[in-house]
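**Student:** Shown below is the structure under consideration.
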Amino acid sequence: MKKKYFLVYIAAICLFVQVSVGQSIRKGFDEMTDYEKTELVNAFYLLREGPDLFNDLAQFHGDFFNFDNTADPTRLDLHFNLPDEAEREIFLAWHRRQMFEMEQAVQDINPEISLAFWDSSIYQSSTDALWDDDLLGTFDENWSLNRNFGEGGPLPTPMDVSNLMNATDFFVFSNALERQAVHRGAHVWTGGAMPTTLSPRDPVFYFHHSFVDKVWVEWEAIHGTSAFITTSMLRYDGTYVFDGQTLPLVDPNDITDTRVLGVFYAENGLAQLDNYIVSNTYNPEEIFYYQYNIEAGNNFIVPAGTSARFESVNQIDLTPGFEASAGSSFQASIDVENGGISGKSGVIRKKNPYDFSPMLLEPIVWEEGGDLLDDKPIIITAHPNPFTEKITINLSKRKDCVIEVFNMMGMLIREEAFQNTDTLVIKNLYGLSVGFYVIRVTDANGKILVVKRVVKM
């Protein structure tokens, strides 16, 4: 089926480039379109053909997992270096670069897709859509993963995630995240390959570690102190070769902000793109695809000589601070067929490509420690942002509407109705915990008008 688009904005197209790998908006698996699910599953299966990135990443992860209890504990490794060996610590940065390597590989197959995340503090059932056959369900049998849901231990709670945000020291935060339930839980709960050093063999590993990465993004936005002592990382040290190409040298301190990699996280119907300069460093055209509202502004810049594209199934808002310079190529479009299947031949089913050996499945020893397109979009401002005890919301139109406030786990914590107004004041917020919140505005019929992310200080 050929996709159709409704073009909403084009800025100064002065050059033409070949579409290749795209940048990413990562969303929860529950916000993926059917199109994204099918294309991502296809990409995962295709990556097992020829050079096998899944196997290579899993084997590397296993080979360098942890050497603390070996004959040579001085060797560099990936896990459990805190609190005693901070000079060797790379856990969060290494897995961030690993997610990026996998994402670039799937975008080589389809530049519109990206990794998604599994918030395991919310979705805790083996009957969740994550495990359906149209997403990650078929891999269990086809790749001999031997998942055994729930037998190895519990998943984290929303409070486990919230408690991490209270840590003010980066290494204290990183150590607690790695060793405790927010990271550990999904590995042991899923079972099979996941609680072993070869966990990257299971595609859910990349959904899980995208969530771990998102938790780091939220902590860093509050505290702003992420820093590593070491300046290089295993695999990404400028010497490792995969599929005939030497992977680049990456300083972990250079990727403490995901925007360096062009990666943004969306949730609750909002992808907020800000403080980013399109460079085409990795891609001839940077593509940002999201089912719901893409809001770009606050110093999101497409400079002359670069190319970028936004695609949404529903809404794109270009807010103050967005700039597509003369000489750039920028396009924002609405996929009016809901991101329908793009003509691929259907999901590929490969039986048992892994030759699993029980010797390789040693468990890890874990330690606790639509109408708006025909009218002027409703632009929302929320101030002050960050806020302390109240927040004022201004709309560009007078509306009957409902304001909903969600915490970072997606839980509704406040709901108020307003009639025929463009100024909405939410009071008595002083009791909220420090962190991110999402404000969603819906009309009298429940239609989402706009979504805005705010910060409580």
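Residue numbers start at 1 in each chain; chains themselves are named A, B, ... in the order of the structure tokens; ligands are numbered from 1 in the order shown.
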Please produce, as a tab-separated table, a per-residue contact table for segment 180-276 of chain A versus segment 46-69 of chain A (criterion: any atom at most 9 Å away, only C-alpha atoms considered), showing the nearest atom pair and its distance in Å to one decimal, sorted by chain then residue number.
**Tutor:**
```
residue	atom	partner	partner_atom	distance
A:Thr196	CA	A:Gly62	CA	8.2
A:Thr197	CA	A:Gly62	CA	4.6
A:Leu198	CA	A:Ala58	CA	4.9
A:Ser199	CA	A:Ala58	CA	6.5
A:Pro200	CA	A:Ala58	CA	4.6
A:Arg201	CA	A:Ala58	CA	5.5
A:Asp202	CA	A:Phe54	CA	8.2
A:Pro203	CA	A:Phe54	CA	8.3
A:Leu234	CA	A:Phe64	CA	8.3
A:Arg235	CA	A:Phe60	CA	8.1
A:Phe242	CA	A:Asp56	CA	8.1
A:Asp243	CA	A:Pro51	CA	6.1
```
**Student:** Might you pull out every residue within 8 Å of Leu273 of chain A, with only C-alpha atoms counted and same-chain residues fewer than 3 positions away left off, and present them as JSON, numbers by chain?
**Tutor:** {"A": [264, 276, 294, 295, 296, 297, 300]}
**Student:** Just the helix (DSSP H, G or I) stuff from segment 59-254 of chain A, please, per backbone DSSP, written as a ChimeraX atom specification.
**Tutor:** /A:59-63,86-88,91-109,129-131,139-142,158-164,170-179,181-190,199-201,204-223,252-254
**Student:** My list of candidates is A:Pro252, A:Pro73, A:Gly137, A:Pro156. Which is closest to Leu92 of chain A when distances are computed with only C-alpha atoms?
**Tutor:**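 So, comparing all the options, the nearest one is A:Pro252.
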**Student:** Which of segment 130-280 of chain A end up as strand (DSSP E or B) when DSSP is run on this backbone - answer as an mmCIF file with N, CA and C atoms, in the first residue's frame?
**Tutor:**
```cif
data_model
loop_
_atom_site.group_PDB
_atom_site.id
_atom_site.type_symbol
_atom_site.label_atom_id
_atom_site.label_comp_id
_atom_site.auth_asym_id
_atom_site.auth_seq_id
_atom_site.Cartn_x
_atom_site.Cartn_y
_atom_site.Cartn_z
ATOM 1 N N THR A 196 20.887 -13.690 31.486
ATOM 2 C CA THR A 196 22.218 -14.221 31.231
ATOM 3 C C THR A 196 23.076 -13.141 30.594
ATOM 4 N N ASP A 237 35.907 1.956 20.906
ATOM 5 C CA ASP A 237 37.220 2.544 21.198
ATOM 6 C C ASP A 237 38.024 2.823 19.937
ATOM 7 N N VAL A 241 35.910 -3.983 14.761
ATOM 8 C CA VAL A 241 35.424 -4.076 13.381
ATOM 9 C C VAL A 241 34.221 -5.003 13.340
ATOM 10 N N PHE A 242 33.125 -4.513 12.756
ATOM 11 C CA PHE A 242 31.953 -5.342 12.502
ATOM 12 C C PHE A 242 31.516 -5.138 11.054
ATOM 13 N N GLN A 245 33.572 -2.788 8.874
ATOM 14 C CA GLN A 245 33.705 -1.373 9.222
ATOM 15 C C GLN A 245 34.183 -1.232 10.656
ATOM 16 N N THR A 246 35.120 -0.304 10.853
ATOM 17 C CA THR A 246 35.611 -0.021 12.194
ATOM 18 C C THR A 246 34.654 0.920 12.899
ATOM 19 N N LEU A 249 35.407 5.772 17.669
ATOM 20 C CA LEU A 249 35.818 6.042 19.049
ATOM 21 C C LEU A 249 34.775 6.949 19.695
ATOM 22 N N VAL A 263 18.504 11.496 19.310
ATOM 23 C CA VAL A 263 17.496 10.626 19.906
ATOM 24 C C VAL A 263 16.639 11.422 20.888
ATOM 25 N N PHE A 264 15.318 11.324 20.711
ATOM 26 C CA PHE A 264 14.355 11.949 21.614
ATOM 27 C C PHE A 264 13.383 10.875 22.097
ATOM 28 N N TYR A 265 12.827 11.088 23.297
ATOM 29 C CA TYR A 265 11.834 10.172 23.842
ATOM 30 C C TYR A 265 10.471 10.853 23.890
ATOM 31 N N GLU A 267 6.202 10.332 25.024
ATOM 32 C CA GLU A 267 5.227 9.567 25.792
ATOM 33 C C GLU A 267 3.992 10.425 26.009
ATOM 34 N N LEU A 270 3.066 12.974 23.222
ATOM 35 C CA LEU A 270 3.886 14.145 22.914
ATOM 36 C C LEU A 270 5.334 13.760 22.653
ATOM 37 N N ALA A 271 5.851 14.205 21.523
ATOM 38 C CA ALA A 271 7.286 14.150 21.237
ATOM 39 C C ALA A 271 7.772 15.585 21.163
ATOM 40 N N GLN A 272 8.542 15.999 22.135
ATOM 41 C CA GLN A 272 8.997 17.381 22.227
ATOM 42 C C GLN A 272 10.444 17.461 21.750
ATOM 43 N N LEU A 273 10.661 18.117 20.622
ATOM 44 C CA LEU A 273 11.981 18.229 20.012
ATOM 45 C C LEU A 273 12.504 19.633 20.235
ATOM 46 N N TYR A 276 18.291 21.351 19.513
ATOM 47 C CA TYR A 276 18.933 20.391 18.623
ATOM 48 C C TYR A 276 19.225 21.066 17.295
ATOM 49 N N ILE A 277 20.403 20.816 16.777
ATOM 50 C CA ILE A 277 20.794 21.351 15.471
ATOM 51 C C ILE A 277 21.002 20.184 14.521
#
```
**Student:** Need the shell around Ser279 of chain A: protein/DNA/RNA residues with any atom at most 9 Å away, counting only C-alpha atoms. Skip same-chain ones fewer than 4 positions apart. Format as a ChimeraX atom specification?
**Tutor:** /A:283-284,286,302-303,305-307
**Student:** Measuring atom to atom with only C-alpha atoms, identify which of A:Asp160, A:Leu395, A:Phe228, A:Tyr206 is nearest to Arg88 of chain A.
**Tutor:** A:Phe228
**Student:** List the neighbours of segment 96-103 of chain A out to 7 Å using only C-alpha atoms; skip same-chain residues closer than 2 positions along the sequence, and give me the result as an MDAnalysis selection string.
**Tutor:** chainID A and resid 92:94 105:107 114:115 206 210 213
**Student:** Since we have the selection now, will you write its residues out, keeping N, CA, C and O atoms, as an mmCIF file, in the first residue's frame?
**Tutor:**
```
data_model
loop_
_atom_site.group_PDB
_atom_site.id
_atom_site.type_symbol
_atom_site.label_atom_id
_atom_site.label_comp_id
_atom_site.auth_asym_id
_atom_site.auth_seq_id
_atom_site.Cartn_x
_atom_site.Cartn_y
_atom_site.Cartn_z
ATOM 1 N N LEU A 92 25.919 2.994 31.724
ATOM 2 C CA LEU A 92 24.846 3.727 31.045
ATOM 3 C C LEU A 92 25.266 4.207 29.662
ATOM 4 O O LEU A 92 24.509 4.085 28.693
ATOM 5 N N ALA A 93 26.459 4.750 29.555
ATOM 6 C CA ALA A 93 26.906 5.257 28.252
ATOM 7 C C ALA A 93 27.109 4.131 27.254
ATOM 8 O O ALA A 93 26.767 4.279 26.072
ATOM 9 N N TRP A 94 27.650 2.990 27.698
ATOM 10 C CA TRP A 94 27.887 1.888 26.765
ATOM 11 C C TRP A 94 26.572 1.366 26.197
ATOM 12 O O TRP A 94 26.442 1.154 24.998
ATOM 13 N N ALA A 105 21.125 0.289 12.604
ATOM 14 C CA ALA A 105 21.027 -0.890 11.737
ATOM 15 C C ALA A 105 19.605 -1.092 11.230
ATOM 16 O O ALA A 105 19.396 -1.392 10.042
ATOM 17 N N VAL A 106 18.602 -0.924 12.107
ATOM 18 C CA VAL A 106 17.228 -1.105 11.639
ATOM 19 C C VAL A 106 16.815 0.050 10.725
ATOM 20 O O VAL A 106 16.018 -0.128 9.798
ATOM 21 N N GLN A 107 17.400 1.237 10.936
ATOM 22 C CA GLN A 107 17.071 2.368 10.074
ATOM 23 C C GLN A 107 17.754 2.266 8.711
ATOM 24 O O GLN A 107 17.307 2.896 7.751
ATOM 25 N N SER A 114 12.164 3.255 14.527
ATOM 26 C CA SER A 114 13.131 3.442 15.606
ATOM 27 C C SER A 114 12.861 2.397 16.671
ATOM 28 O O SER A 114 11.842 1.694 16.643
ATOM 29 N N LEU A 115 13.767 2.286 17.624
ATOM 30 C CA LEU A 115 13.510 1.431 18.773
ATOM 31 C C LEU A 115 12.372 2.012 19.599
ATOM 32 O O LEU A 115 12.097 3.213 19.541
ATOM 33 N N TYR A 206 16.396 -4.656 23.805
ATOM 34 C CA TYR A 206 16.539 -3.305 23.256
ATOM 35 C C TYR A 206 15.358 -2.427 23.650
ATOM 36 O O TYR A 206 15.513 -1.212 23.806
ATOM 37 N N SER A 210 16.200 0.658 26.178
ATOM 38 C CA SER A 210 15.727 1.983 25.779
ATOM 39 C C SER A 210 14.987 2.637 26.944
ATOM 40 O O SER A 210 15.074 3.854 27.143
ATOM 41 N N ASP A 213 17.570 3.775 29.398
ATOM 42 C CA ASP A 213 18.157 4.996 28.867
ATOM 43 C C ASP A 213 17.235 6.186 29.093
ATOM 44 O O ASP A 213 17.689 7.281 29.439
#
```
**Student:** Can you pull out the residues contacting Val455 of chain A? Cut-off 8 Å, using only C-alpha atoms, and skip same-chain residues under 5 positions away; I want them as a ChimeraX atom specification.
**Tutor:** /A:385-387,434-437
**Student:** Please report, as a tab-separated table, each residue of segment 65-139 of chain A lying at most 9 Å from segment 408-424 of chain A, together with the nearest pair of atoms and the separation in Å rounded to one decimal; use only C-alpha atoms, and order rows by chain and ascending residue number.
**Tutor:**
```
residue	atom	partner	partner_atom	distance
A:Asp119	CA	A:Met409	CA	8.1
A:Ser121	CA	A:Met409	CA	7.8
A:Ile122	CA	A:Met409	CA	7.4
```
**Student:** With only C-alpha atoms as the atoms that count, which of A:Ile334, A:Val454, A:Val278, A:Ile113 lies nearest to Ile391 of chain A?
**Tutor:** A:Val454
**Student:** Contacts of Glu389 of chain A at 6 Å or less, counting only C-alpha atoms, minus same-chain residues fewer than 3 places along, as a list in words?
**Tutor:** Asn428, Leu429 and Tyr430 of chain A
**Student:** May I ask for the distance between atom CA of Asn166 of chain A and atom CA of His183 of chain A, given in Å to one decimal place?
**Tutor:**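 Interatomic distance, atom CA of Asn166 of chain A to atom CA of His183 of chain A: 16.7 Å.
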**Student:** For a test of reading the model, state the distance in Å between atom CA of Ala186 of chain A and atom CA of Ile229 of chain A, rounded to one decimal.
**Tutor:**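 Result for atom CA of Ala186 of chain A versus atom CA of Ile229 of chain A: 28.2 Å, one decimal.
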**Student:** Between atom CA of Trp219 of chain A and atom CA of Phe173 of chain A, what is the spacing in Å?
**Tutor:**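 Computed distance, atom CA of Phe173 of chain A to atom CA of Trp219 of chain A, equals 8.5 Å.
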